[in-house]
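Peer 1: Input file: coords30.cif. Contents: mmCIF, C-alpha atoms.
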```cif
data_upload
#
loop_
_atom_site.label_atom_id
_atom_site.label_comp_id
_atom_site.auth_asym_id
_atom_site.auth_seq_id
_atom_site.Cartn_x
_atom_site.Cartn_y
_atom_site.Cartn_z
CA MET A 475 -14.73 7.73 4.94
CA GLU A 476 -15.34 4.07 5.66
CA LYS A 477 -18.62 4.93 7.46
CA VAL A 478 -19.78 6.94 4.45
CA TYR A 479 -18.82 4.20 2.01
CA LYS A 480 -20.75 1.58 4.03
CA LYS A 481 -23.96 3.39 3.00
CA VAL A 482 -23.00 3.29 -0.69
CA TYR A 483 -24.20 0.33 -2.71
CA CYS A 484 -21.84 0.28 -5.72
CA TYR A 485 -18.27 1.04 -6.71
CA ALA A 486 -19.33 3.54 -9.39
CA MET A 487 -21.04 5.63 -6.72
CA VAL A 488 -17.82 5.68 -4.67
CA MET A 489 -15.87 6.90 -7.69
CA GLU A 490 -18.52 9.55 -8.36
CA MET A 491 -18.38 10.79 -4.75
CA GLN A 492 -14.58 10.88 -4.86
CA MET A 493 -14.59 12.75 -8.18
CA VAL A 494 -16.98 15.38 -6.80
CA MET A 495 -14.74 15.90 -3.75
CA GLU A 496 -11.62 16.14 -5.91
CA VAL A 497 -13.16 18.61 -8.37
CA ALA A 498 -14.45 20.77 -5.51
CA ALA A 499 -11.05 20.75 -3.81
CA THR A 500 -9.29 21.61 -7.09
CA VAL A 501 -11.68 24.50 -7.79
CA LEU A 502 -11.35 25.92 -4.26
CA ALA A 503 -7.56 25.60 -4.33
CA SER A 504 -7.41 27.23 -7.76
CA ILE A 505 -9.55 30.14 -6.57
CA GLY A 506 -7.22 30.60 -3.61
CA MET A 507 -4.18 30.52 -5.89
CA VAL A 508 -5.73 33.15 -8.20
CA PHE A 509 -6.34 35.54 -5.30
CA ASP A 510 -2.95 34.86 -3.72
CA GLY A 511 -0.92 35.09 -6.95
CA GLY A 512 0.08 31.45 -6.94
CA PHE A 513 -0.35 30.98 -10.68
CA THR A 514 1.84 34.01 -11.38
CA GLU A 515 4.53 32.51 -9.17
CA MET A 516 4.19 29.14 -10.93
CA LYS A 517 4.54 30.82 -14.32
CA ARG A 518 7.71 32.59 -13.14
CA GLU A 519 9.03 29.35 -11.72
CA GLY A 520 8.34 27.59 -15.04
CA TYR A 521 10.56 29.83 -17.12
CA GLN A 522 13.14 31.04 -14.60
CA VAL A 523 13.75 28.14 -12.22
CA PHE A 524 12.81 24.93 -14.05
CA ASP A 525 15.73 24.06 -16.30
CA LYS A 526 13.81 21.89 -18.82
CA GLY A 527 11.60 24.69 -20.10
CA GLU A 528 8.15 26.04 -19.41
CA LYS A 529 6.25 23.39 -21.43
CA VAL A 530 7.93 20.54 -19.56
CA TYR A 531 7.23 22.33 -16.28
CA TRP A 532 3.50 22.55 -16.97
CA ALA A 533 3.43 18.95 -18.25
CA THR A 534 5.08 17.91 -14.98
CA VAL A 535 2.59 19.88 -12.88
CA VAL A 536 -0.43 18.52 -14.76
CA SER A 537 0.84 14.93 -14.66
CA ASN A 538 1.47 15.23 -10.90
CA VAL A 539 -2.05 16.56 -10.32
CA VAL A 540 -3.62 13.78 -12.40
CA SER A 541 -1.52 11.01 -10.86
CA TRP A 542 -2.31 12.13 -7.30
CA GLN A 543 -6.01 12.38 -8.10
CA LEU A 544 -5.92 8.82 -9.50
CA CYS A 545 -4.03 7.69 -6.40
CA PHE A 546 -6.72 9.16 -4.13
CA MET A 547 -9.47 7.59 -6.23
CA GLY A 548 -7.74 4.23 -5.95
CA THR A 549 -7.46 4.63 -2.19
CA ALA A 550 -11.16 5.46 -1.98
CA GLY A 551 -11.95 2.34 -3.98
CA MET A 552 -9.74 0.27 -1.70
CA VAL A 553 -11.52 1.63 1.37
CA PHE A 554 -14.87 0.74 -0.21
CA LEU A 555 -13.79 -2.78 -1.15
CA THR A 556 -11.85 -3.62 2.04
CA CYS A 557 -11.44 -1.21 4.96
CA SER A 558 -9.80 2.10 5.77
CA LEU A 559 -6.94 0.33 7.54
CA THR A 560 -5.93 -1.40 4.31
CA GLY A 561 -6.11 1.92 2.45
CA GLY A 562 -3.92 3.57 5.07
CA ILE A 563 -1.37 0.76 4.97
CA CYS A 564 -1.11 0.96 1.19
CA MET A 565 -0.71 4.76 1.37
CA THR A 566 2.08 4.20 3.90
CA ALA A 567 3.88 1.91 1.45
CA LEU A 568 3.39 4.50 -1.30
CA LEU A 569 4.83 7.22 0.93
CA MET A 570 7.91 5.11 1.54
CA MET A 571 8.36 4.58 -2.21
CA ASN A 572 7.97 8.33 -2.82
CA VAL A 573 10.75 9.17 -0.37
CA VAL A 574 13.11 6.56 -1.82
CA GLY A 575 12.18 7.61 -5.37
CA GLY A 576 12.96 11.25 -4.60
CA VAL A 577 16.36 10.28 -3.25
CA VAL A 578 17.20 8.00 -6.18
CA VAL A 579 15.77 10.05 -9.07
CA TYR A 580 16.30 13.63 -7.87
CA LYS A 581 19.40 13.00 -5.73
CA GLU A 582 17.72 14.55 -2.68
CA GLU A 583 19.49 14.42 0.66
CA PHE A 584 18.50 11.37 2.71
CA GLY A 585 18.77 13.00 6.13
CA GLY A 586 17.62 11.95 9.57
CA VAL A 587 13.93 12.81 9.21
CA LYS A 588 13.63 10.96 5.91
CA VAL A 589 15.48 7.94 7.29
CA VAL A 590 13.24 7.73 10.35
CA SER A 591 10.03 8.24 8.36
CA THR A 592 11.04 5.66 5.75
CA VAL A 593 11.98 3.09 8.40
CA MET A 594 8.70 3.69 10.28
CA CYS A 595 6.67 3.34 7.06
CA GLY A 596 8.48 0.12 6.19
CA TRP A 597 8.06 -1.22 9.70
CA GLY A 598 4.34 -0.47 9.73
CA PHE A 599 3.78 -1.99 6.32
CA CYS A 600 5.79 -5.14 7.10
CA SER A 601 4.04 -5.54 10.47
CA TYR A 602 0.65 -5.40 8.78
CA VAL A 603 1.64 -7.88 6.06
CA TYR A 604 3.14 -10.25 8.64
CA GLY A 605 0.03 -9.99 10.81
CA MET A 606 -2.20 -10.82 7.86
CA TYR A 607 0.08 -13.75 6.97
CA VAL A 608 -0.18 -15.11 10.53
CA LYS A 609 -3.95 -14.64 10.60
CA ASN A 610 -4.47 -16.34 7.25
CA LYS A 611 -2.15 -19.19 8.23
CA MET A 612 -4.09 -19.73 11.48
CA LEU A 613 -7.39 -19.68 9.59
CA LYS A 614 -6.06 -22.18 7.05
CA ASP A 615 -4.70 -24.45 9.81
CA ARG A 616 -8.03 -24.27 11.63
CA ASP A 617 -9.96 -25.06 8.45
CA ASP A 618 -7.63 -27.93 7.46
CA GLY A 619 -7.49 -29.64 10.85
CA GLY A 620 -10.72 -28.45 12.43
CA GLY A 621 -12.74 -31.66 12.09
CA GLY A 622 -15.52 -30.81 9.65
CA GLY A 623 -14.53 -27.23 8.86
CA GLY A 624 -17.96 -25.67 9.39
CA GLY A 625 -17.57 -23.85 12.67
CA HIS A 626 -16.51 -20.33 11.69
CA ASP A 627 -18.14 -17.14 10.48
CA SER A 628 -17.93 -16.18 6.84
CA ASP A 629 -16.35 -12.90 8.02
CA ASP A 630 -13.15 -14.81 8.85
CA LYS A 631 -12.42 -15.06 5.13
CA ASN A 632 -12.66 -11.26 4.76
CA VAL A 633 -9.14 -9.97 5.31
CA GLY A 634 -10.28 -6.50 6.42
CA SER A 635 -12.87 -7.58 9.01
CA TYR A 636 -10.68 -8.35 12.02
CA ASN A 637 -10.43 -6.50 15.29
CA PRO A 638 -7.00 -4.79 15.63
CA ILE A 639 -6.71 -5.80 19.31
CA GLU A 640 -7.48 -9.40 18.38
CA MET A 641 -4.86 -9.21 15.60
CA THR A 642 -2.26 -7.96 18.09
CA GLN A 643 -3.01 -10.92 20.34
CA ILE A 644 -2.70 -13.33 17.41
CA VAL A 645 0.66 -11.89 16.34
CA ASN A 646 1.97 -11.82 19.93
CA SER A 647 0.95 -15.42 20.60
CA SER A 648 2.49 -16.51 17.31
CA SER A 649 5.79 -14.74 17.96
CA SER A 650 6.08 -16.02 21.53
CA SER A 651 5.87 -19.62 20.30
CA SER A 652 8.44 -19.17 17.53
CA PRO A 653 11.90 -20.72 17.92
CA LEU A 654 13.53 -17.29 17.48
CA HIS A 655 11.84 -16.07 20.67
CA HIS A 656 13.66 -18.66 22.79
CA ILE A 657 17.16 -17.93 21.41
CA GLY A 658 17.80 -14.64 23.24
#
```
Give the structure from the file, written as structure tokens.

Peer 2:
Amino acid sequence: MEKVYKKVYCYAMVMEMQMVMEVAATVLASIGMVFDGGFTEMKREGYQVFDKGEKVYWATVVSNVVSWQLCFMGTAGMVFLTCSLTGGICMTALLMMNVVGGVVVYKEEFGGVKVVSTVMCGWGFCSYVYGMYVKNKMLKDRDDGGGGGGGHDSDDKNVGSYNPIEMTQIVNSSSSSSPLHHIG
């Protein structure tokens, strides 16, 4: 998606492209559900299984569809404004919140798979945030004590324009010089 969005010149065009994809996906999925009997099953589920009533069931379904579509539009906008890595990291944080929310609100079982996936999502998100903190701190230190401050590209200020391998080296060099590294 990031390669496609690089050819787009405005945010409104990104939202238009995303809306077209979402409408097409919704229409195709709805056609499949009509032929497969999915809507009949949903109607049965609404009045037999869902304990709050059929109207609340359909309000829940519609609000879920709308909220997920808005979430995907927001992610597309984030990819356009920053990079796909940032969009993926934010979706990872959202996934972690969804799992925890399901456990807290719906009293779902928090078994092994959910524990591992939640920990991995948290770890990935925290690693990214820490890496960006280290990078921004190094850039600030370089700008503050660099003797004139004019020797860097303007891309250094763009948070999403770094090379992941370079970021790994920055984080590794920062952690190897920390006092905590020498304790163990």

Peer 1: Residues within 12 Å of Ala550 of chain A, please, as a list of chain:residue names. Count only C-alpha atoms; anything in the same chain fewer than 6 positions from it doesn't count.

Peer 2: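 Those residues are A:Met475, A:Glu476, A:Val478, A:Tyr479, A:Lys480, A:Tyr485, A:Ala486, A:Met487, A:Val488, A:Met489, A:Glu490, A:Met491, A:Gln492, A:Met493, A:Met495, A:Glu496, A:Gln543, A:Leu544, A:Thr556, A:Cys557, A:Ser558, A:Leu559, A:Thr560, A:Gly561, A:Gly562, A:Cys564, A:Met565.
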
Peer 1: If we count only C-alpha atoms and set the cut-off at 9 Å, which residues sit around segment 592-602 of chain A, ignoring sequence neighbours fewer than 6 positions away in its own chain? Please answer as a list in words.

Peer 2: Thr560, Ile563, Cys564, Thr566, Ala567, Leu569, Met570, Met571, Val573 and Val574 of chain A

Peer 1: Interatomic distance between atom CA of Cys484 of chain A and atom CA of Val553 of chain A?

Peer 2: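 It comes out at 12.6 Å.
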
Peer 1: Can you tell me how far atom CA of Leu555 of chain A sits from atom CA of Arg616 of chain A, in Å to one decimal?

Peer 2: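 Going from atom CA of Leu555 of chain A over to atom CA of Arg616 of chain A, I get 25.7 Å.
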
Peer 1: Identify which of the residues A:Val535, A:Met507, A:Met552, A:Glu582 lies closest to Gly520 of chain A, counting all atoms listed in the file when measuring atom-to-atom distances.

Peer 2: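 Checking each of A:Val535, A:Met507, A:Met552, A:Glu582 against Gly520 of chain A, counting all atoms listed in the file, the winner is A:Val535.
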
Peer 1: Please report the interatomic distance between atom CA of Glu528 of chain A and atom CA of Gly512 of chain A in Å with one decimal.

Peer 2: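 Taking atom CA of Glu528 of chain A as the start and atom CA of Gly512 of chain A as the end point, the length is 15.8 Å.
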
Peer 1: Which centre and which edge lengths, in Å to one decimal, describe the axis-aligned box that holds all listed atoms of segment 493-505 of chain A after 6 Å is added on each side, as lines of an AutoDock Vina configuration file?

Peer 2:
```
center_x = -12.2
center_y = 21.4
center_z = -6.1
size_x = 21.6
size_y = 29.4
size_z = 16.6
```

Peer 1: Starting from the incomplete input, reconstruct N, CA, C and O atoms of segment 588-603 of chain A and write that as a CSV table (one decimal), in the frame of the given file.

Peer 2:
```
chain,number,residue,atom,x,y,z
A,588,LYS,N,14.0,11.9,7.0
A,588,LYS,CA,13.6,11.0,5.9
A,588,LYS,C,14.0,9.5,6.3
A,588,LYS,O,13.2,8.6,5.9
A,589,VAL,N,15.1,9.3,6.9
A,589,VAL,CA,15.5,7.9,7.3
A,589,VAL,C,14.5,7.4,8.3
A,589,VAL,O,14.0,6.3,8.1
A,590,VAL,N,14.2,8.2,9.3
A,590,VAL,CA,13.2,7.7,10.4
A,590,VAL,C,11.9,7.5,9.8
A,590,VAL,O,11.2,6.5,10.0
A,591,SER,N,11.4,8.4,8.9
A,591,SER,CA,10.0,8.2,8.4
A,591,SER,C,10.0,7.0,7.4
A,591,SER,O,9.0,6.3,7.4
A,592,THR,N,11.0,6.8,6.7
A,592,THR,CA,11.0,5.7,5.8
A,592,THR,C,11.1,4.3,6.5
A,592,THR,O,10.4,3.4,6.2
A,593,VAL,N,11.9,4.3,7.6
A,593,VAL,CA,12.0,3.1,8.4
A,593,VAL,C,10.6,2.8,9.1
A,593,VAL,O,10.2,1.7,9.1
A,594,MET,N,10.0,3.9,9.6
A,594,MET,CA,8.7,3.7,10.3
A,594,MET,C,7.6,3.2,9.3
A,594,MET,O,6.8,2.4,9.6
A,595,CYS,N,7.6,3.8,8.1
A,595,CYS,CA,6.7,3.3,7.1
A,595,CYS,C,6.9,1.9,6.7
A,595,CYS,O,6.0,1.1,6.6
A,596,GLY,N,8.2,1.5,6.5
A,596,GLY,CA,8.5,0.1,6.2
A,596,GLY,C,8.1,-0.8,7.3
A,596,GLY,O,7.6,-1.9,7.1
A,597,TRP,N,8.4,-0.4,8.5
A,597,TRP,CA,8.1,-1.2,9.7
A,597,TRP,C,6.5,-1.4,9.8
A,597,TRP,O,6.1,-2.5,10.0
A,598,GLY,N,5.8,-0.4,9.7
A,598,GLY,CA,4.3,-0.5,9.7
A,598,GLY,C,3.8,-1.4,8.6
A,598,GLY,O,2.9,-2.2,8.9
A,599,PHE,N,4.3,-1.2,7.4
A,599,PHE,CA,3.8,-2.0,6.3
A,599,PHE,C,4.1,-3.5,6.5
A,599,PHE,O,3.3,-4.3,6.4
A,600,CYS,N,5.4,-3.7,6.9
A,600,CYS,CA,5.8,-5.1,7.1
A,600,CYS,C,5.0,-5.8,8.3
A,600,CYS,O,4.7,-7.0,8.2
A,601,SER,N,4.8,-5.0,9.3
A,601,SER,CA,4.0,-5.5,10.5
A,601,SER,C,2.6,-5.9,10.0
A,601,SER,O,2.1,-7.0,10.4
A,602,TYR,N,2.0,-5.1,9.2
A,602,TYR,CA,0.6,-5.4,8.8
A,602,TYR,C,0.6,-6.6,7.9
A,602,TYR,O,-0.2,-7.5,8.1
A,603,VAL,N,1.6,-6.7,7.0
A,603,VAL,CA,1.6,-7.9,6.1
A,603,VAL,C,1.9,-9.1,6.9
A,603,VAL,O,1.3,-10.2,6.6
```
